[in-house]
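Undergrad: Quick one: structure below, then a few questions.
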Amino acid sequence: MDAAMQLLEEVQHDFGEGPCLAAFAEDRVVAVQDLRTELVWDRIAVVVRQLQVRGVLSVPVRLADQPVGTLNVYATQPRAWTPAEVQALGALAVVTAELVRTAVELANHQLEVAQLRQALASRVWIEQAKGMVAATEGVTLDEAFQQLRVRAAEARAREAEQDLQAAKTGLARRTAAQDRTQDDLAARERPPTSESSSPRNATGPLMTVTMSPTPVSGPRTCATGPPTNATGPPTSATATAPPTNATAPPTSATSPPPTPSSRGGQREQPAGTSSATPERFPRRRTDLRVTEQPSPPNHASSIHTMLGLTPAVARRLSSRPPRWPMPSASPG
Amino acid sequence: MTVDGQLVARTVAELRAMPQAEDLLARLGRVVEVTRTVVGVDGTGLTLVHDDGPPRWVATHGCGDAAAGGGPARLR
């Protein structure tokens, strides 16, 4: 019977319905003559049919005018519960509530006593600290106490700030690691494109052409890019594109070395490697990416020209606030 | 079965007179145990709210024809 009652109460908890839960939720006495014929709780009916429990009487246990549980009695045979039985169970539920309330009050008293003892112990240290601050700073005891409170608050704020910063750093590192993992997985799962097997690509590797954001004295580096690149000023864009034709010589040979500023803005470009190094995984021809390198405003129009934007769209984009911090303009 | 009113009153008085130093779970188990006798049923159980939501059983007392299971206040 113990196991059956326990199972019945756990099933009610798991399925969220049953006589005991109804007594608790509705704060009323629930008397069930035969649980098997009671069609109110469909979800627990399958389990109930396999139990020996038939009659159930459940009375709420109330604490501070709120139900905090139920006192339940069970019968193995169908049973019509009498008012005297309901009243007796109610009296025992009241006693149960009193026991719980007494225990809660006792626990609260014990907690309060422990806190007062700790306060008394720490008060000794506080008084000593007040005396030291008053003696060294030449202030009154009240002023010394205020100084101690301010210092304690500042220390707590510093610790909270450090904890917040540590949490932000950890989150950023984890996000970066996840990004790297996703990039690696995407690179491994990317199937070879049909262009990679074309005769055009067979004659020369794909190239990464980097254009410096600062004017350079050497020849232009975007000779293999779209026609708009040939006329535009150098921009801070990194373009990954195959050679436009099979007969064109590799233009990276004429490219000047990237400036420190342009090198700092590159992504996925290992330091010390040539920008014309063939990529391990060929990219699509239209793979054109703009790096997150800060770009001076006077080069924005060249980027728009290179991307083939209309002047109206370019103006609208230029009016937007930058998505990355802009460097302060250096004189000259 | 008729309920003996005097038995109910006497039981309630005895339960209230239990020493407070005793463990709460043990005292609740005592309530569940005497309830079976007073009301004359085959089994009794007590559920109380927990931190994670609705009430769950904390004590049961039956006729002992099933030995499986267990819980925080198993009385057998």
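Identifiers in the structure tokens: chain A, B, ... in order shown; residue index from 1 per chain; ligand index from 1 in order shown.
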Per residue of chain A within 9 Å of chain B, note the shortest atom pair and the distance in Å to one decimal, counting only C-alpha atoms, and order the rows by chain and increasing residue number, as a Markdown table.

TA:
| residue | atom | partner | partner_atom | distance |
| --- | --- | --- | --- | --- |
| A:Met1 | CA | B:Gly62 | CA | 5.2 |
| A:Asp2 | CA | B:Gly62 | CA | 5.0 |
| A:Ala3 | CA | B:Gly69 | CA | 5.5 |
| A:Ala4 | CA | B:Ala66 | CA | 7.7 |
| A:Met5 | CA | B:Gly45 | CA | 7.2 |
| A:Gln6 | CA | B:Thr60 | CA | 7.0 |
| A:Leu7 | CA | B:Gly69 | CA | 8.6 |
| A:Glu9 | CA | B:Trp57 | CA | 6.4 |
| A:Glu10 | CA | B:Arg56 | CA | 7.0 |
| A:Gln12 | CA | B:Arg56 | CA | 9.0 |
| A:His13 | CA | B:Arg56 | CA | 6.7 |
| A:Gly16 | CA | B:Pro54 | CA | 8.5 |
| A:Cys20 | CA | B:Thr47 | CA | 8.3 |
| A:Leu21 | CA | B:Pro55 | CA | 7.5 |
| A:Phe24 | CA | B:Pro55 | CA | 7.8 |
| A:Ala25 | CA | B:Pro54 | CA | 8.7 |
| A:Val53 | CA | B:Asp42 | CA | 9.0 |
| A:Val61 | CA | B:Leu48 | CA | 8.2 |
| A:Pro67 | CA | B:Val49 | CA | 8.7 |
| A:Val68 | CA | B:Val49 | CA | 5.5 |
| A:Gly69 | CA | B:Leu48 | CA | 4.0 |
| A:Thr70 | CA | B:Thr47 | CA | 5.2 |
| A:Leu71 | CA | B:Leu46 | CA | 4.7 |
| A:Asn72 | CA | B:Gly45 | CA | 5.0 |
| A:Val73 | CA | B:Thr44 | CA | 4.2 |
| A:Tyr74 | CA | B:Gly43 | CA | 5.0 |
| A:Ala75 | CA | B:Asp42 | CA | 5.0 |
| A:Thr76 | CA | B:Asp42 | CA | 6.5 |
| A:Thr82 | CA | B:Thr2 | CA | 8.3 |
| A:Ala84 | CA | B:Val3 | CA | 6.2 |
| A:Glu85 | CA | B:Val39 | CA | 6.1 |
| A:Val86 | CA | B:Val39 | CA | 8.8 |
| A:Ala88 | CA | B:Val8 | CA | 6.4 |
| A:Leu89 | CA | B:Val39 | CA | 7.1 |
| A:Ala91 | CA | B:Val12 | CA | 7.4 |
| A:Leu92 | CA | B:Val12 | CA | 6.6 |
| A:Ala93 | CA | B:Val31 | CA | 8.8 |
| A:Val95 | CA | B:Val12 | CA | 6.7 |
| A:Thr96 | CA | B:Leu28 | CA | 6.7 |
| A:Glu98 | CA | B:Arg16 | CA | 8.1 |
| A:Leu99 | CA | B:Leu24 | CA | 7.3 |
| A:Val100 | CA | B:Leu24 | CA | 7.2 |
| A:Thr102 | CA | B:Gln20 | CA | 7.7 |
| A:Ala103 | CA | B:Leu24 | CA | 6.5 |
| A:Leu106 | CA | B:Gln20 | CA | 8.6 |

Undergrad: Go ahead and write the residues just picked, C-alpha atoms, as a PDB file, in the first residue's frame.

TA:
ATOM      1  CA  MET A   1       0.000   0.000   0.000  1.00  0.00           C
ATOM      2  CA  ASP A   2       2.878   2.334   0.717  1.00  0.00           C
ATOM      3  CA  ALA A   3       4.272   1.938  -2.781  1.00  0.00           C
ATOM      4  CA  ALA A   4       0.826   2.339  -4.329  1.00  0.00           C
ATOM      5  CA  MET A   5       0.149   5.563  -2.422  1.00  0.00           C
ATOM      6  CA  GLN A   6       3.548   6.930  -3.210  1.00  0.00           C
ATOM      7  CA  LEU A   7       3.110   6.074  -6.866  1.00  0.00           C
ATOM      8  CA  GLU A   9       1.026  10.904  -5.414  1.00  0.00           C
ATOM      9  CA  GLU A  10       3.990  11.001  -7.774  1.00  0.00           C
ATOM     10  CA  GLN A  12      -0.412  13.228  -9.757  1.00  0.00           C
ATOM     11  CA  HIS A  13       2.631  15.441  -9.486  1.00  0.00           C
ATOM     12  CA  GLY A  16      -0.469  17.709 -12.899  1.00  0.00           C
ATOM     13  CA  CYS A  20      -4.640  15.568  -3.961  1.00  0.00           C
ATOM     14  CA  LEU A  21      -3.557  18.259  -6.417  1.00  0.00           C
ATOM     15  CA  PHE A  24      -4.331  21.800  -2.960  1.00  0.00           C
ATOM     16  CA  ALA A  25      -5.035  23.911  -6.033  1.00  0.00           C
ATOM     17  CA  VAL A  53      -6.246   2.432  -4.237  1.00  0.00           C
ATOM     18  CA  VAL A  61      -3.045  21.740   4.968  1.00  0.00           C
ATOM     19  CA  PRO A  67      -2.656  25.814   1.263  1.00  0.00           C
ATOM     20  CA  VAL A  68       0.834  24.400   1.648  1.00  0.00           C
ATOM     21  CA  GLY A  69       0.018  20.736   1.149  1.00  0.00           C
ATOM     22  CA  THR A  70      -2.566  18.017   1.626  1.00  0.00           C
ATOM     23  CA  LEU A  71      -3.260  15.283   4.147  1.00  0.00           C
ATOM     24  CA  ASN A  72      -4.649  12.264   2.320  1.00  0.00           C
ATOM     25  CA  VAL A  73      -6.226   8.971   3.331  1.00  0.00           C
ATOM     26  CA  TYR A  74      -6.723   5.994   1.059  1.00  0.00           C
ATOM     27  CA  ALA A  75      -8.936   2.912   1.027  1.00  0.00           C
ATOM     28  CA  THR A  76      -8.429  -0.242  -0.971  1.00  0.00           C
ATOM     29  CA  THR A  82     -18.708  10.493   6.121  1.00  0.00           C
ATOM     30  CA  ALA A  84     -17.186  12.807  10.678  1.00  0.00           C
ATOM     31  CA  GLU A  85     -14.248  11.372   8.786  1.00  0.00           C
ATOM     32  CA  VAL A  86     -13.792  14.582   6.852  1.00  0.00           C
ATOM     33  CA  ALA A  88     -11.424  14.286  11.829  1.00  0.00           C
ATOM     34  CA  LEU A  89      -9.017  14.525   8.914  1.00  0.00           C
ATOM     35  CA  ALA A  91      -8.493  18.438  12.612  1.00  0.00           C
ATOM     36  CA  LEU A  92      -5.366  16.422  11.930  1.00  0.00           C
ATOM     37  CA  ALA A  93      -4.522  18.697   8.968  1.00  0.00           C
ATOM     38  CA  VAL A  95      -2.265  19.957  13.666  1.00  0.00           C
ATOM     39  CA  THR A  96       0.021  19.283  10.735  1.00  0.00           C
ATOM     40  CA  GLU A  98       0.768  23.926  13.357  1.00  0.00           C
ATOM     41  CA  LEU A  99       3.751  21.609  13.402  1.00  0.00           C
ATOM     42  CA  VAL A 100       5.052  23.072  10.154  1.00  0.00           C
ATOM     43  CA  THR A 102       6.301  25.920  14.636  1.00  0.00           C
ATOM     44  CA  ALA A 103       9.232  24.396  12.797  1.00  0.00           C
ATOM     45  CA  LEU A 106      11.984  27.861  15.179  1.00  0.00           C
TER      46      LEU A 106
END
